[in-house]
Amino acid sequence: QPIRVSATTSLRQALLGTGFYYERGEPMRRTLRQIEAFFDVPIHCIRRDGSAALDLCYVAAGRYDGFWELTLGPWDYAAGMLVIEEAGGIVTDAAGQAIGLFSRNILAANSMIHKDMLAVLARTA
């Protein structure tokens with residue numbers, strides 16, 4: 001059976017995933033500011049599973065409506081990115097730019113909430 005990203009149209013109903021980098025300095029503080037900004041929208045909820053590859057597949061399968069993480073390597077997102085795109089989702093970096101081999105962050109979502117997630121992340125840059 002083919003998988004599809006969710007059909008959620010609003011951040012108010014969105015279940016999002018994120019990840020934390022192991023270093024507890026500024027990357028962690030920035031992620032916490034972003035989480036706070038998403039809850040201010042408000043959103044439905046945020047989860048952290050601990051595997052960017054799994055989280056990206058959850059977006060592709062419609063289990064999560066969106067996912068972002070700030071500090072990743074291509075081994076963390078390359079396969080999940082392909083799965084999301086095949087399932088009808090959008091994958092960019094956290095600034096909305098195309099993902100490249102040396103991209104360090106990611107934002108993945110269905111096409112209806114991707115821009116809204118970008119706007120929230122831009123407020124915390």
# chains A, B, ... in the order shown; residues from 1 in each chain; ligands from 1
>>> residues_around(residues="Val59 in chain A", least_positions_apart="4", cutoff="8 Å", atoms="only C-alpha atoms", output="list in words")
Val5, Ser6, Asp55, Arg63, Tyr64, Asp65, Gly66, Phe67, Ile84, Gly89, Ala108, Ala109 and Asn110 of chain A
>>> closest_atom_pairs(of="range 48-98 of chain A", to="range 102-107 of chain A", cutoff="12 Å", atoms="only C-alpha atoms", output="tab-separated table")
residue	atom	partner	partner_atom	distance
A:Ala52	CA	A:Ile106	CA	9.6
A:Ala53	CA	A:Ile106	CA	11.4
A:Asp55	CA	A:Leu107	CA	11.1
A:Leu56	CA	A:Leu107	CA	9.4
A:Val59	CA	A:Leu107	CA	10.5
A:Asp65	CA	A:Leu107	CA	11.1
A:Gly66	CA	A:Leu107	CA	7.4
A:Phe67	CA	A:Leu107	CA	5.8
A:Trp68	CA	A:Leu107	CA	4.4
A:Glu69	CA	A:Ile106	CA	5.6
A:Leu70	CA	A:Asn105	CA	4.2
A:Thr71	CA	A:Arg104	CA	5.2
A:Leu72	CA	A:Arg104	CA	5.0
A:Gly73	CA	A:Arg104	CA	6.0
A:Pro74	CA	A:Phe102	CA	7.0
A:Trp75	CA	A:Phe102	CA	10.6
A:Asp76	CA	A:Arg104	CA	9.9
A:Tyr77	CA	A:Ile106	CA	7.9
A:Ala78	CA	A:Ile106	CA	10.4
A:Gly80	CA	A:Ile106	CA	10.8
A:Met81	CA	A:Ile106	CA	9.2
A:Ile84	CA	A:Leu107	CA	11.1
A:Gly89	CA	A:Leu107	CA	10.5
A:Ile90	CA	A:Leu107	CA	8.1
A:Val91	CA	A:Leu107	CA	5.7
A:Thr92	CA	A:Leu107	CA	5.4
A:Asp93	CA	A:Ile106	CA	4.2
A:Ala94	CA	A:Leu107	CA	5.3
A:Ala95	CA	A:Leu107	CA	8.4
A:Gly96	CA	A:Leu107	CA	7.8
A:Gln97	CA	A:Ser103	CA	9.5
A:Ala98	CA	A:Ser103	CA	8.7
>>> closest_residue(among="A:Ala37, A:Met28, A:Cys45, A:Ala87", to="Thr124 in chain A", atoms="only C-alpha atoms")
A:Ala37
>>> atom_distance(atom1="CA of Ile3 in chain A", atom2="CA of Glu86 in chain A")
8.5 Å
>>> residues_around(residues="Arg29 in chain A", least_positions_apart="6", cutoff="12 Å", atoms="only C-alpha atoms", output="mmCIF file with all heavy atoms, in the first residue's frame")
data_model
loop_
_atom_site.group_PDB
_atom_site.id
_atom_site.type_symbol
_atom_site.label_atom_id
_atom_site.label_comp_id
_atom_site.auth_asym_id
_atom_site.auth_seq_id
_atom_site.Cartn_x
_atom_site.Cartn_y
_atom_site.Cartn_z
ATOM 1 N N PHE A 20 16.558 16.760 19.313
ATOM 2 C CA PHE A 20 17.514 17.591 20.038
ATOM 3 C C PHE A 20 18.917 17.115 19.718
ATOM 4 O O PHE A 20 19.188 15.930 19.764
ATOM 5 C CB PHE A 20 17.336 17.473 21.548
ATOM 6 C CG PHE A 20 15.981 17.790 22.055
ATOM 7 C CD1 PHE A 20 15.463 17.070 23.103
ATOM 8 C CD2 PHE A 20 15.219 18.801 21.505
ATOM 9 C CE1 PHE A 20 14.213 17.362 23.605
ATOM 10 C CE2 PHE A 20 13.969 19.100 21.985
ATOM 11 C CZ PHE A 20 13.457 18.377 23.045
ATOM 12 N N TYR A 21 19.779 18.050 19.489
ATOM 13 C CA TYR A 21 21.182 17.729 19.313
ATOM 14 C C TYR A 21 21.775 17.412 20.689
ATOM 15 O O TYR A 21 21.314 17.928 21.703
ATOM 16 C CB TYR A 21 21.896 18.913 18.651
ATOM 17 C CG TYR A 21 23.326 18.646 18.304
ATOM 18 C CD1 TYR A 21 23.648 17.651 17.395
ATOM 19 C CD2 TYR A 21 24.345 19.358 18.885
ATOM 20 C CE1 TYR A 21 24.971 17.398 17.069
ATOM 21 C CE2 TYR A 21 25.664 19.113 18.562
ATOM 22 C CZ TYR A 21 25.964 18.129 17.651
ATOM 23 O OH TYR A 21 27.264 17.869 17.329
ATOM 24 N N TYR A 22 22.781 16.594 20.729
ATOM 25 C CA TYR A 22 23.355 16.167 22.005
ATOM 26 C C TYR A 22 24.036 17.297 22.764
ATOM 27 O O TYR A 22 24.085 17.291 23.980
ATOM 28 C CB TYR A 22 24.340 15.017 21.790
ATOM 29 C CG TYR A 22 23.644 13.788 21.265
ATOM 30 C CD1 TYR A 22 23.744 13.430 19.933
ATOM 31 C CD2 TYR A 22 22.862 13.016 22.105
ATOM 32 C CE1 TYR A 22 23.086 12.313 19.452
ATOM 33 C CE2 TYR A 22 22.202 11.892 21.631
ATOM 34 C CZ TYR A 22 22.320 11.552 20.310
ATOM 35 O OH TYR A 22 21.661 10.451 19.842
ATOM 36 N N GLU A 23 24.590 18.247 22.034
ATOM 37 C CA GLU A 23 25.253 19.381 22.685
ATOM 38 C C GLU A 23 24.190 20.265 23.321
ATOM 39 O O GLU A 23 23.186 20.597 22.706
ATOM 40 C CB GLU A 23 26.047 20.161 21.633
ATOM 41 C CG GLU A 23 26.958 21.203 22.212
ATOM 42 C CD GLU A 23 26.418 22.599 21.975
ATOM 43 O OE1 GLU A 23 26.168 22.955 20.824
ATOM 44 O OE2 GLU A 23 26.242 23.320 22.959
ATOM 45 N N ILE A 35 10.129 25.208 20.119
ATOM 46 C CA ILE A 35 9.020 24.444 20.714
ATOM 47 C C ILE A 35 8.029 25.394 21.373
ATOM 48 O O ILE A 35 6.813 25.286 21.186
ATOM 49 C CB ILE A 35 9.561 23.399 21.709
ATOM 50 C CG1 ILE A 35 10.291 22.283 20.958
ATOM 51 C CG2 ILE A 35 8.430 22.834 22.583
ATOM 52 C CD1 ILE A 35 11.074 21.333 21.847
ATOM 53 N N GLU A 36 8.547 26.350 22.137
ATOM 54 C CA GLU A 36 7.676 27.327 22.791
ATOM 55 C C GLU A 36 6.865 28.110 21.756
ATOM 56 O O GLU A 36 5.663 28.322 21.924
ATOM 57 C CB GLU A 36 8.509 28.275 23.638
ATOM 58 C CG GLU A 36 7.684 29.292 24.382
ATOM 59 C CD GLU A 36 8.532 30.189 25.260
ATOM 60 O OE1 GLU A 36 9.722 30.399 24.962
ATOM 61 O OE2 GLU A 36 7.982 30.682 26.262
ATOM 62 N N LEU A 70 17.424 20.798 13.955
ATOM 63 C CA LEU A 70 18.425 21.798 13.600
ATOM 64 C C LEU A 70 19.793 21.259 13.260
ATOM 65 O O LEU A 70 20.520 21.870 12.491
ATOM 66 C CB LEU A 70 18.571 22.813 14.745
ATOM 67 C CG LEU A 70 17.339 23.636 15.050
ATOM 68 C CD1 LEU A 70 17.621 24.593 16.187
ATOM 69 C CD2 LEU A 70 16.874 24.379 13.813
ATOM 70 N N THR A 124 12.031 32.525 15.380
ATOM 71 C CA THR A 124 12.960 32.124 16.427
ATOM 72 C C THR A 124 14.403 32.043 15.935
ATOM 73 O O THR A 124 15.255 31.535 16.644
ATOM 74 C CB THR A 124 12.557 30.755 17.017
ATOM 75 O OG1 THR A 124 12.599 29.765 15.984
ATOM 76 C CG2 THR A 124 11.175 30.813 17.635
ATOM 77 N N ALA A 125 14.645 32.529 14.732
ATOM 78 C CA ALA A 125 15.993 32.446 14.132
ATOM 79 C C ALA A 125 16.986 33.317 14.871
ATOM 80 O O ALA A 125 16.687 34.257 15.518
ATOM 81 C CB ALA A 125 15.939 32.843 12.668
#
>>> atom_distance(atom1="CA of Gly88 in chain A", atom2="CA of Arg4 in chain A")
6.2 Å
>>> select_by_dssp(residues="range 14-92 of chain A", states="strand (DSSP E or B)", output="PDB file with C-alpha atoms, in the first residue's frame")
ATOM      1  CA  LEU A  15       1.153  16.702  15.655  1.00  0.00           C
ATOM      2  CA  LEU A  16       4.802  17.591  15.113  1.00  0.00           C
ATOM      3  CA  GLY A  17       8.064  15.824  15.749  1.00  0.00           C
ATOM      4  CA  THR A  18      11.446  17.316  16.551  1.00  0.00           C
ATOM      5  CA  CYS A  45       1.322  18.412  20.366  1.00  0.00           C
ATOM      6  CA  ILE A  46       5.041  17.742  19.809  1.00  0.00           C
ATOM      7  CA  ARG A  47       6.834  14.400  20.079  1.00  0.00           C
ATOM      8  CA  GLY A  66       5.519  17.827  10.312  1.00  0.00           C
ATOM      9  CA  PHE A  67       9.054  17.457  11.636  1.00  0.00           C
ATOM     10  CA  TRP A  68      12.036  19.756  12.110  1.00  0.00           C
ATOM     11  CA  GLU A  69      15.494  19.397  13.560  1.00  0.00           C
ATOM     12  CA  ILE A  90       7.748  18.845   1.176  1.00  0.00           C
ATOM     13  CA  VAL A  91      11.287  18.817   2.567  1.00  0.00           C
ATOM     14  CA  THR A  92      13.450  21.931   2.889  1.00  0.00           C
TER      15      THR A  92
END
>>> atom_distance(atom1="CA of Arg24 in chain A", atom2="CA of Leu54 in chain A")
22.5 Å
